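Asker: Provided herewith is a single structure, encoded as structure tokens, for subsequent inquiry.
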Amino acid sequence: MLTNKRVVLIISGGIAAYKSLDLIRRLRERGASVHAIMTRGAREFVTPLAVGALTAQKVYTDLFDREAEQDVGHIRLARDYDLILIAPATADLMAKMVHGIADDLATAVLLASDKPVLIAPAMNPKMWDNPATRRNVETLHADGKHFIGPNRGEMAESGEAGVGRMAEPLEIAEAASKLLSGDADAGTRPLSGRHIVITSGPTHEPIDPVRYIANRSSGKQGHAIAAAAAEAGARVTLISGPVSIPDPQGVDVIHVETAVQMLDAVTSALPADVAVMAAAVADWRVASEGSQKIKKDGSGKPPALEMVENPDILATIGHHESLRPALLVGFAAETQNLIDNARSKLERKKADWIVANDVSPETGIMGGDANTVRIVSSDGIDAWPALNKSEVARRLVVRIAEALQADSQN
Ligand code: CTP
């Protein structure tokens, strides 16, 4: 509830501004008083008259509103309220926030305020995906701003599908009331109460006490997913192979070395609502590990290593009647036939989604910070642009939260 809470609602310019009218009603239904600030762009889409009729309050529009400025209006607006809610938030407004630009009333209030800020972005999916917006969102997160949405869907103006549609008024009002209910981040923690098991990194398969077989996985992607899931409120069990990056905060980490140990750790960590198998598990191990260092025997011939296949962790869980989580996500690291191979892994391993990426050396994905993925599921293929691994993680977590929510409503 928002009883007796005073909300400053900043409406910036975008077609989603029409949804702000409904949002005002939702906020007031919950007991809030709503004081709207409309940017110049917002006034192209909805009128101050309509907004004022719904808020039953004066609507603020200009920085130099003589009447309001008599008591230093923008400073007072920034101070006397419990929450600043920006809905819709355009890419432009977020960029200004990042740089501390204060060239109109909305941005001046934002700069002068130390109150919680909840941002409901709305924009074309290409603008949302643009690296400049990605950087800005990341900075705003780091500055402690809260986000709700954007959601996946069709854009009102272009019919284009993708992430960028403003969250629904009900969702925003709910997030605002959770944010102010003392449960500081509940509204923006869509995985609260969920358990998620994640594998990450390579496995090392010993040959003898000093040598092992390994691969180039850094663990960056799996660890980023664990961090994003924890940030979204999940209880996270991360089962990590040997990596040189630190454990993510707020996550239970189990360190393992081999594929067999990883499988054991995964089965012990289950049940969970979701499992994400991001580890690059070695497909084979040496049949019998030498108990002593293997020495050259002087013949000039290398030792013949007999290899056996490792258990497939994803497939084992996928086919397991009781341990299989409601949502099982695998990865497919490929150097050719990306989609075909991903589809066949989806089927063979009984996963719900495969996050497919091209790991040819020229992509620099293996060990690097960026990733270009496609989410392959029975519903089709979702191609994401090149993103850094933490943004891939955040998006995957949003998609997971949406899927769990849809599942619980069915
Ligand atoms: N995987 C697993 N256990 C294995 C091998 C793979 O759990 N022994 C999981 C990975 O964590 C990933 C998915 O299966 O989620 C696909 O991994 P990948 O290495 O791309 O596929 P493989 O099954 O090893 O097939 P191939 O090497 O033939 O491409």
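Note on naming: chains are A, B, ... as they come in the structure tokens, residues start from 1 per chain, ligands start from 1 in the order shown.
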If you take only C-alpha atoms and all ligand atoms and a cut-off of 10 Å, which residues of chain A touch ligand 1, and what are their nearest atom pairs and distances in Å to one decimal, in chain and number order, as CSV?
Answerer:
residue,atom,partner,partner_atom_place_in_ligand_line,distance
A:Ile198,CA,ligand 1,11 (O),9.4
A:Thr199,CA,ligand 1,11 (O),6.9
A:Ser200,CA,ligand 1,11 (O),7.7
A:Gly201,CA,ligand 1,11 (O),9.0
A:Pro202,CA,ligand 1,11 (O),9.1
A:Thr203,CA,ligand 1,8 (N),9.5
A:Gly222,CA,ligand 1,11 (O),9.7
A:Ala259,CA,ligand 1,8 (N),6.6
A:Val260,CA,ligand 1,8 (N),8.8
A:Met262,CA,ligand 1,7 (O),8.8
A:Leu263,CA,ligand 1,7 (O),8.0
A:Val266,CA,ligand 1,7 (O),9.8
A:Ala275,CA,ligand 1,15 (O),9.9
A:Val276,CA,ligand 1,15 (O),7.3
A:Met277,CA,ligand 1,15 (O),4.3
A:Ala278,CA,ligand 1,11 (O),4.7
A:Ala279,CA,ligand 1,11 (O),4.3
A:Ala280,CA,ligand 1,11 (O),5.2
A:Val281,CA,ligand 1,5 (C),4.8
A:Ala282,CA,ligand 1,8 (N),5.9
A:Asp283,CA,ligand 1,8 (N),4.9
A:Trp284,CA,ligand 1,8 (N),7.7
A:Glu309,CA,ligand 1,8 (N),7.9
A:Asn310,CA,ligand 1,8 (N),5.4
A:Pro311,CA,ligand 1,8 (N),5.1
A:Asp312,CA,ligand 1,8 (N),3.5
A:Ile313,CA,ligand 1,7 (O),3.5
A:Leu314,CA,ligand 1,7 (O),3.7
A:Ala315,CA,ligand 1,7 (O),6.5
A:Thr316,CA,ligand 1,7 (O),7.8
A:Ile317,CA,ligand 1,7 (O),8.5
A:Gly318,CA,ligand 1,7 (O),9.6
A:Leu328,CA,ligand 1,15 (O),9.5
A:Val329,CA,ligand 1,15 (O),7.0
A:Gly330,CA,ligand 1,15 (O),3.5
A:Phe331,CA,ligand 1,15 (O),3.7
A:Ala332,CA,ligand 1,20 (O),3.6
A:Ala333,CA,ligand 1,20 (O),4.1
A:Glu334,CA,ligand 1,20 (O),6.1
A:Thr335,CA,ligand 1,29 (O),8.8
A:Gln336,CA,ligand 1,29 (O),9.6
A:Leu338,CA,ligand 1,29 (O),9.8
A:Asn341,CA,ligand 1,29 (O),7.4
A:Ala342,CA,ligand 1,20 (O),7.9
A:Ser344,CA,ligand 1,25 (O),9.7
A:Lys345,CA,ligand 1,16 (C),6.7
A:Leu346,CA,ligand 1,13 (C),8.8
A:Arg348,CA,ligand 1,23 (O),9.0
A:Lys349,CA,ligand 1,14 (O),7.5
A:Ala351,CA,ligand 1,15 (O),8.8
A:Trp353,CA,ligand 1,15 (O),9.6
A:Ile354,CA,ligand 1,15 (O),7.3
A:Val355,CA,ligand 1,15 (O),8.0
A:Ala356,CA,ligand 1,20 (O),8.1
A:Asn357,CA,ligand 1,20 (O),8.9
A:Asp358,CA,ligand 1,20 (O),9.9
A:Val359,CA,ligand 1,20 (O),9.7
Asker: Pull C-alpha atoms from the residues just selected and write them as a PDB file, in the first residue's frame.
Answerer:
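Result file result-v6.pdb:
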ATOM      1  CA  ILE A 198      23.997 -22.450 -11.706  1.00  0.00           C
ATOM      2  CA  THR A 199      27.098 -24.209 -13.033  1.00  0.00           C
ATOM      3  CA  SER A 200      30.005 -22.117 -14.254  1.00  0.00           C
ATOM      4  CA  GLY A 201      33.589 -22.316 -15.486  1.00  0.00           C
ATOM      5  CA  PRO A 202      35.556 -25.228 -16.904  1.00  0.00           C
ATOM      6  CA  THR A 203      36.214 -28.586 -15.345  1.00  0.00           C
ATOM      7  CA  GLY A 222      28.035 -18.190 -15.352  1.00  0.00           C
ATOM      8  CA  ALA A 259      32.740 -33.178 -14.164  1.00  0.00           C
ATOM      9  CA  VAL A 260      31.896 -36.048 -11.828  1.00  0.00           C
ATOM     10  CA  MET A 262      30.136 -31.118 -10.565  1.00  0.00           C
ATOM     11  CA  LEU A 263      27.328 -33.598 -11.190  1.00  0.00           C
ATOM     12  CA  VAL A 266      24.382 -30.250  -8.714  1.00  0.00           C
ATOM     13  CA  ALA A 275      18.892 -24.567 -13.149  1.00  0.00           C
ATOM     14  CA  VAL A 276      21.245 -22.805 -15.534  1.00  0.00           C
ATOM     15  CA  MET A 277      24.076 -24.961 -16.820  1.00  0.00           C
ATOM     16  CA  ALA A 278      26.653 -22.495 -18.044  1.00  0.00           C
ATOM     17  CA  ALA A 279      29.744 -24.572 -17.283  1.00  0.00           C
ATOM     18  CA  ALA A 280      31.981 -25.788 -20.076  1.00  0.00           C
ATOM     19  CA  VAL A 281      32.133 -29.340 -18.797  1.00  0.00           C
ATOM     20  CA  ALA A 282      34.931 -31.505 -20.206  1.00  0.00           C
ATOM     21  CA  ASP A 283      33.391 -34.224 -22.348  1.00  0.00           C
ATOM     22  CA  TRP A 284      36.017 -36.805 -21.495  1.00  0.00           C
ATOM     23  CA  GLU A 309      33.090 -40.033 -21.507  1.00  0.00           C
ATOM     24  CA  ASN A 310      32.035 -37.810 -18.618  1.00  0.00           C
ATOM     25  CA  PRO A 311      28.448 -37.743 -17.418  1.00  0.00           C
ATOM     26  CA  ASP A 312      26.378 -35.084 -19.147  1.00  0.00           C
ATOM     27  CA  ILE A 313      25.106 -33.001 -16.250  1.00  0.00           C
ATOM     28  CA  LEU A 314      22.475 -31.072 -18.200  1.00  0.00           C
ATOM     29  CA  ALA A 315      21.084 -34.211 -19.850  1.00  0.00           C
ATOM     30  CA  THR A 316      21.110 -36.123 -16.559  1.00  0.00           C
ATOM     31  CA  ILE A 317      19.040 -33.418 -14.871  1.00  0.00           C
ATOM     32  CA  GLY A 318      16.843 -32.915 -17.945  1.00  0.00           C
ATOM     33  CA  LEU A 328      16.115 -25.844 -17.206  1.00  0.00           C
ATOM     34  CA  VAL A 329      18.514 -23.687 -19.194  1.00  0.00           C
ATOM     35  CA  GLY A 330      21.573 -24.981 -21.024  1.00  0.00           C
ATOM     36  CA  PHE A 331      24.272 -23.330 -23.090  1.00  0.00           C
ATOM     37  CA  ALA A 332      25.650 -24.343 -26.448  1.00  0.00           C
ATOM     38  CA  ALA A 333      29.128 -23.187 -27.273  1.00  0.00           C
ATOM     39  CA  GLU A 334      29.585 -23.812 -30.973  1.00  0.00           C
ATOM     40  CA  THR A 335      32.039 -22.974 -33.690  1.00  0.00           C
ATOM     41  CA  GLN A 336      29.703 -23.975 -36.542  1.00  0.00           C
ATOM     42  CA  LEU A 338      25.009 -22.715 -34.205  1.00  0.00           C
ATOM     43  CA  ASN A 341      23.411 -27.745 -32.905  1.00  0.00           C
ATOM     44  CA  ALA A 342      21.557 -25.748 -30.263  1.00  0.00           C
ATOM     45  CA  SER A 344      19.579 -30.736 -31.185  1.00  0.00           C
ATOM     46  CA  LYS A 345      21.002 -30.103 -27.678  1.00  0.00           C
ATOM     47  CA  LEU A 346      17.634 -28.691 -26.602  1.00  0.00           C
ATOM     48  CA  ARG A 348      18.666 -34.382 -26.604  1.00  0.00           C
ATOM     49  CA  LYS A 349      19.211 -32.881 -23.154  1.00  0.00           C
ATOM     50  CA  ALA A 351      16.299 -28.414 -21.711  1.00  0.00           C
ATOM     51  CA  TRP A 353      16.089 -23.061 -23.420  1.00  0.00           C
ATOM     52  CA  ILE A 354      19.531 -23.212 -24.917  1.00  0.00           C
ATOM     53  CA  VAL A 355      21.612 -20.053 -24.797  1.00  0.00           C
ATOM     54  CA  ALA A 356      23.628 -20.486 -27.971  1.00  0.00           C
ATOM     55  CA  ASN A 357      26.824 -18.634 -28.680  1.00  0.00           C
ATOM     56  CA  ASP A 358      29.413 -18.783 -31.401  1.00  0.00           C
ATOM     57  CA  VAL A 359      32.741 -19.336 -29.674  1.00  0.00           C
TER      58      VAL A 359
END
Asker: Against region 86-107 of chain A, which residues of region 120-217 of chain A fall within 8 Å? For each one I want the closest pair of atoms and the distance in Å (one decimal), counting only C-alpha atoms, rows by chain and increasing residue number, as a Markdown table.
Answerer:
| residue | atom | partner | partner_atom | distance |
| --- | --- | --- | --- | --- |
| A:Ala120 | CA | A:Ala87 | CA | 5.0 |
| A:Pro121 | CA | A:Ala89 | CA | 4.3 |
| A:Ala122 | CA | A:Pro88 | CA | 5.5 |
| A:Met123 | CA | A:Thr90 | CA | 6.2 |
| A:Met127 | CA | A:Ala91 | CA | 7.2 |
| A:Trp128 | CA | A:Ala91 | CA | 7.4 |
| A:Thr133 | CA | A:Ala91 | CA | 6.5 |
| A:Asn136 | CA | A:Ala95 | CA | 6.1 |
| A:Val137 | CA | A:Met94 | CA | 7.5 |
| A:Thr139 | CA | A:Val98 | CA | 6.7 |
| A:Leu140 | CA | A:Val98 | CA | 6.5 |
| A:Met166 | CA | A:Pro88 | CA | 6.6 |
Asker: Any chance you can output those residues with N, CA and C atoms as a compact mmCIF listing (two decimals), in the first residue's frame?
Answerer:
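Wrote out10.txt, looks like this:
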# COMPACT_ATOMS: atom_id res chain seq x y z
N ALA A 120 10.81 3.51 -14.84
CA ALA A 120 10.10 2.57 -15.73
C ALA A 120 10.43 2.97 -17.17
N PRO A 121 11.50 2.41 -17.73
CA PRO A 121 11.92 2.84 -19.07
C PRO A 121 10.91 2.41 -20.14
N ALA A 122 10.88 3.17 -21.21
CA ALA A 122 10.06 2.81 -22.37
C ALA A 122 10.74 3.38 -23.60
N MET A 123 11.06 2.51 -24.50
CA MET A 123 11.68 2.99 -25.74
C MET A 123 11.68 1.89 -26.78
N MET A 127 16.83 1.18 -29.34
CA MET A 127 17.40 2.20 -28.43
C MET A 127 17.78 1.55 -27.10
N TRP A 128 16.95 0.65 -26.60
CA TRP A 128 17.25 -0.05 -25.35
C TRP A 128 18.53 -0.87 -25.49
N THR A 133 22.80 3.29 -24.20
CA THR A 133 21.74 3.08 -23.20
C THR A 133 22.18 2.02 -22.20
N ASN A 136 24.36 3.56 -19.72
CA ASN A 136 23.62 4.45 -18.82
C ASN A 136 22.82 3.66 -17.79
N VAL A 137 22.19 2.57 -18.23
CA VAL A 137 21.39 1.76 -17.30
C VAL A 137 22.31 1.18 -16.23
N THR A 139 25.11 2.44 -15.15
CA THR A 139 25.51 3.51 -14.23
C THR A 139 24.38 3.83 -13.25
N LEU A 140 23.16 3.89 -13.77
CA LEU A 140 22.02 4.22 -12.89
C LEU A 140 21.81 3.12 -11.85
N MET A 166 7.13 -0.28 -21.87
CA MET A 166 7.02 0.10 -20.46
C MET A 166 6.26 -0.98 -19.68
Asker: Going by DSSP on the backbone, which residues of region 105-241 of chain A come out as alpha helix (DSSP H)? List them as a PyMOL selection string.
Answerer: chain A and resi 105-112+125-129+131-142+169-180+220-231
Asker: From the set A:Tyr212, A:Pro325, A:Ser291, A:Lys301, which residue has the shortest atom-to-atom contact distance to Thr258 (chain A), counting only C-alpha atoms?
Answerer: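 Of A:Tyr212, A:Pro325, A:Ser291, A:Lys301, the one nearest Thr258 (chain A) is A:Tyr212, counting only C-alpha atoms.
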Asker: Hey, what does DSSP flag as strand (DSSP E) within region 188-237 of chain A? Can you give it to me as a ChimeraX atom specification?
Answerer: /A:195-200,205-208,211-213,235-237
Asker: Give me a file of those residues, with N, CA and C atoms, as an mmCIF file, in the first residue's frame.
Answerer:
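Result saved to again_26.cif:
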data_model
loop_
_atom_site.group_PDB
_atom_site.id
_atom_site.type_symbol
_atom_site.label_atom_id
_atom_site.label_comp_id
_atom_site.auth_asym_id
_atom_site.auth_seq_id
_atom_site.Cartn_x
_atom_site.Cartn_y
_atom_site.Cartn_z
ATOM 1 N N HIS A 195 14.795 -20.507 -5.741
ATOM 2 C CA HIS A 195 16.136 -21.100 -5.644
ATOM 3 C C HIS A 195 16.628 -21.395 -7.056
ATOM 4 N N ILE A 196 17.834 -20.978 -7.337
ATOM 5 C CA ILE A 196 18.393 -21.202 -8.673
ATOM 6 C C ILE A 196 19.790 -21.819 -8.551
ATOM 7 N N VAL A 197 19.996 -22.894 -9.296
ATOM 8 C CA VAL A 197 21.293 -23.584 -9.291
ATOM 9 C C VAL A 197 21.997 -23.272 -10.611
ATOM 10 N N ILE A 198 23.257 -22.871 -10.506
ATOM 11 C CA ILE A 198 23.997 -22.450 -11.706
ATOM 12 C C ILE A 198 25.350 -23.156 -11.737
ATOM 13 N N THR A 199 25.728 -23.704 -12.895
ATOM 14 C CA THR A 199 27.098 -24.209 -13.033
ATOM 15 C C THR A 199 27.891 -23.194 -13.858
ATOM 16 N N SER A 200 29.200 -23.136 -13.582
ATOM 17 C CA SER A 200 30.005 -22.117 -14.254
ATOM 18 C C SER A 200 31.460 -22.579 -14.358
ATOM 19 N N GLU A 205 40.174 -32.190 -15.656
ATOM 20 C CA GLU A 205 40.155 -33.651 -15.569
ATOM 21 C C GLU A 205 41.596 -34.127 -15.430
ATOM 22 N N PRO A 206 41.940 -34.659 -14.262
ATOM 23 C CA PRO A 206 43.346 -34.983 -14.014
ATOM 24 C C PRO A 206 43.867 -36.133 -14.874
ATOM 25 N N ILE A 207 45.127 -35.996 -15.268
ATOM 26 C CA ILE A 207 45.831 -37.078 -15.974
ATOM 27 C C ILE A 207 46.709 -37.810 -14.954
ATOM 28 N N ASP A 208 47.404 -37.000 -14.178
ATOM 29 C CA ASP A 208 48.226 -37.529 -13.091
ATOM 30 C C ASP A 208 48.279 -36.428 -12.041
ATOM 31 N N ARG A 211 49.161 -33.003 -13.894
ATOM 32 C CA ARG A 211 48.634 -32.568 -15.202
ATOM 33 C C ARG A 211 47.120 -32.763 -15.267
ATOM 34 N N TYR A 212 46.482 -31.932 -16.088
ATOM 35 C CA TYR A 212 45.047 -32.106 -16.274
ATOM 36 C C TYR A 212 44.624 -31.645 -17.659
ATOM 37 N N ILE A 213 43.430 -32.060 -18.059
ATOM 38 C CA ILE A 213 42.817 -31.589 -19.305
ATOM 39 C C ILE A 213 41.835 -30.481 -18.924
ATOM 40 N N ARG A 235 17.728 -17.174 -4.091
ATOM 41 C CA ARG A 235 18.764 -17.905 -3.351
ATOM 42 C C ARG A 235 19.548 -18.638 -4.422
ATOM 43 N N VAL A 236 20.842 -18.378 -4.487
ATOM 44 C CA VAL A 236 21.632 -18.902 -5.606
ATOM 45 C C VAL A 236 22.666 -19.900 -5.102
ATOM 46 N N THR A 237 22.692 -21.093 -5.714
ATOM 47 C CA THR A 237 23.799 -22.021 -5.475
ATOM 48 C C THR A 237 24.607 -22.072 -6.762
#
Asker: Hey, can you check how far CA of Ile245 (chain A) sits from CA of Arg216 (chain A)?
Answerer: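 Separating CA of Ile245 (chain A) from CA of Arg216 (chain A) is a distance of 13.4 Å.
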Asker: Between A:Gly219, A:Gly149, A:Pro209, A:Gly162, which is the closest to Trp384 (chain A) once you count only C-alpha atoms?
Answerer: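 The shortest atom-to-atom distance to Trp384 (chain A) comes from A:Gly162.
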Asker: Can you pull out every residue within 7 Å of region 169-172 of chain A, counting only C-alpha atoms, but drop anything in the same chain fewer than 2 positions away, and send it as a PDB file with all heavy atoms, in the first residue's frame?
Answerer:
ATOM      1  N   LYS A  19      -0.083   5.575 -20.835  1.00  0.00           N
ATOM      2  CA  LYS A  19      -0.287   4.608 -19.749  1.00  0.00           C
ATOM      3  C   LYS A  19      -0.116   5.271 -18.376  1.00  0.00           C
ATOM      4  O   LYS A  19      -0.512   4.717 -17.360  1.00  0.00           O
ATOM      5  CB  LYS A  19       0.743   3.481 -19.850  1.00  0.00           C
ATOM      6  CG  LYS A  19       0.489   2.465 -20.934  1.00  0.00           C
ATOM      7  CD  LYS A  19       1.321   1.226 -20.582  1.00  0.00           C
ATOM      8  CE  LYS A  19       1.698   0.417 -21.788  1.00  0.00           C
ATOM      9  NZ  LYS A  19       2.726  -0.586 -21.467  1.00  0.00           N
ATOM     10  N   ASP A  22      -3.349   5.854 -16.479  1.00  0.00           N
ATOM     11  CA  ASP A  22      -3.827   4.705 -15.713  1.00  0.00           C
ATOM     12  C   ASP A  22      -2.970   4.505 -14.459  1.00  0.00           C
ATOM     13  O   ASP A  22      -3.473   4.189 -13.386  1.00  0.00           O
ATOM     14  CB  ASP A  22      -3.782   3.459 -16.612  1.00  0.00           C
ATOM     15  CG  ASP A  22      -4.467   2.275 -15.950  1.00  0.00           C
ATOM     16  OD1 ASP A  22      -5.405   2.515 -15.161  1.00  0.00           O
ATOM     17  OD2 ASP A  22      -4.054   1.123 -16.199  1.00  0.00           O
ATOM     18  N   LEU A  23      -1.644   4.734 -14.629  1.00  0.00           N
ATOM     19  CA  LEU A  23      -0.732   4.584 -13.486  1.00  0.00           C
ATOM     20  C   LEU A  23      -1.140   5.510 -12.335  1.00  0.00           C
ATOM     21  O   LEU A  23      -1.109   5.115 -11.168  1.00  0.00           O
ATOM     22  CB  LEU A  23       0.706   4.868 -13.943  1.00  0.00           C
ATOM     23  CG  LEU A  23       1.771   4.871 -12.849  1.00  0.00           C
ATOM     24  CD1 LEU A  23       1.852   3.525 -12.137  1.00  0.00           C
ATOM     25  CD2 LEU A  23       3.142   5.228 -13.425  1.00  0.00           C
ATOM     26  N   ARG A  26      -3.857   3.952 -10.460  1.00  0.00           N
ATOM     27  CA  ARG A  26      -3.373   2.810  -9.655  1.00  0.00           C
ATOM     28  C   ARG A  26      -2.657   3.282  -8.390  1.00  0.00           C
ATOM     29  O   ARG A  26      -2.773   2.664  -7.333  1.00  0.00           O
ATOM     30  CB  ARG A  26      -2.413   1.938 -10.479  1.00  0.00           C
ATOM     31  CG  ARG A  26      -2.983   1.403 -11.757  1.00  0.00           C
ATOM     32  CD  ARG A  26      -4.091   0.436 -11.481  1.00  0.00           C
ATOM     33  NE  ARG A  26      -4.730  -0.003 -12.703  1.00  0.00           N
ATOM     34  CZ  ARG A  26      -5.883  -0.660 -12.732  1.00  0.00           C
ATOM     35  NH1 ARG A  26      -6.516  -0.937 -11.600  1.00  0.00           N
ATOM     36  NH2 ARG A  26      -6.417  -1.028 -13.859  1.00  0.00           N
ATOM     37  N   ILE A 148      11.944  -0.854 -12.965  1.00  0.00           N
ATOM     38  CA  ILE A 148      10.873  -1.823 -13.201  1.00  0.00           C
ATOM     39  C   ILE A 148      10.699  -1.878 -14.721  1.00  0.00           C
ATOM     40  O   ILE A 148      10.526  -0.855 -15.367  1.00  0.00           O
ATOM     41  CB  ILE A 148       9.566  -1.446 -12.446  1.00  0.00           C
ATOM     42  CG1 ILE A 148       8.441  -2.390 -12.814  1.00  0.00           C
ATOM     43  CG2 ILE A 148       9.161   0.001 -12.657  1.00  0.00           C
ATOM     44  CD1 ILE A 148       8.468  -3.696 -12.087  1.00  0.00           C
ATOM     45  N   ALA A 167       6.689  -1.223 -18.445  1.00  0.00           N
ATOM     46  CA  ALA A 167       5.966  -2.163 -17.587  1.00  0.00           C
ATOM     47  C   ALA A 167       4.522  -1.684 -17.446  1.00  0.00           C
ATOM     48  O   ALA A 167       4.232  -0.498 -17.612  1.00  0.00           O
ATOM     49  CB  ALA A 167       6.643  -2.221 -16.217  1.00  0.00           C
ATOM     50  N   GLU A 174       2.711  -1.638  -8.051  1.00  0.00           N
ATOM     51  CA  GLU A 174       3.098  -2.704  -7.120  1.00  0.00           C
ATOM     52  C   GLU A 174       4.561  -2.526  -6.707  1.00  0.00           C
ATOM     53  O   GLU A 174       4.909  -2.610  -5.526  1.00  0.00           O
ATOM     54  CB  GLU A 174       2.920  -4.031  -7.863  1.00  0.00           C
ATOM     55  CG  GLU A 174       2.360  -5.217  -7.129  1.00  0.00           C
ATOM     56  CD  GLU A 174       1.487  -4.894  -5.944  1.00  0.00           C
ATOM     57  OE1 GLU A 174       0.513  -4.112  -6.024  1.00  0.00           O
ATOM     58  OE2 GLU A 174       1.826  -5.437  -4.894  1.00  0.00           O
ATOM     59  N   ALA A 175       5.426  -2.269  -7.697  1.00  0.00           N
ATOM     60  CA  ALA A 175       6.860  -2.083  -7.412  1.00  0.00           C
ATOM     61  C   ALA A 175       7.058  -0.871  -6.518  1.00  0.00           C
ATOM     62  O   ALA A 175       7.858  -0.902  -5.587  1.00  0.00           O
ATOM     63  CB  ALA A 175       7.641  -1.927  -8.711  1.00  0.00           C
ATOM     64  N   ALA A 176       6.304   0.204  -6.791  1.00  0.00           N
ATOM     65  CA  ALA A 176       6.430   1.422  -5.977  1.00  0.00           C
ATOM     66  C   ALA A 176       6.013   1.123  -4.546  1.00  0.00           C
ATOM     67  O   ALA A 176       6.685   1.531  -3.595  1.00  0.00           O
ATOM     68  CB  ALA A 176       5.562   2.535  -6.559  1.00  0.00           C
TER      69      ALA A 176
END
Asker: Name the residues in contact with Val59 (chain A) at a cut-off of 9 Å, using only C-alpha atoms, excluding same-chain residues fewer than 4 positions from it; report them as a list in words.
Answerer: His35, Ala36, Ile37, Met38, Pro48, Leu49, Val51, Gly52 and Thr55 of chain A
Asker: May I ask for the distance between CA of Glu44 (chain A) and CA of Gly13 (chain A), given in Å to one decimal place?
Answerer: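 About the pair CA of Glu44 (chain A) and CA of Gly13 (chain A): they are 7.1 Å apart.
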Asker: My list of candidates is A:Ala403, A:Ala272, A:Ala224, A:Leu27. Which is closest to Asn388 (chain A) when distances are computed with only C-alpha atoms?
Answerer: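 The closest residue to Asn388 (chain A) is A:Ala224.
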Asker: Restricting the calculation to only C-alpha atoms: of A:Ala229, A:Ala56, A:Ala17, A:Leu270, which residue gets closest to Arg43 (chain A)?
Answerer: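 Going through A:Ala229, A:Ala56, A:Ala17, A:Leu270 one by one, the smallest distance to Arg43 (chain A) is for A:Ala17.
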Asker: Measuring atom to atom with only C-alpha atoms, identify which of A:Ala265, A:Ala226, A:Leu110, A:Ala173 is nearest to Gln249 (chain A).
Answerer: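 Looking at the shortest contact to Gln249 (chain A), the residue is A:Ala226.
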Asker: So which residues touch region 5-9 of chain A within 9 Å, counting only C-alpha atoms, skipping near sequence neighbours fewer than 2 positions away, as a ChimeraX atom specification?
Answerer: /A:1-3,11,20,24,27,31-38,77-78,80-87,180
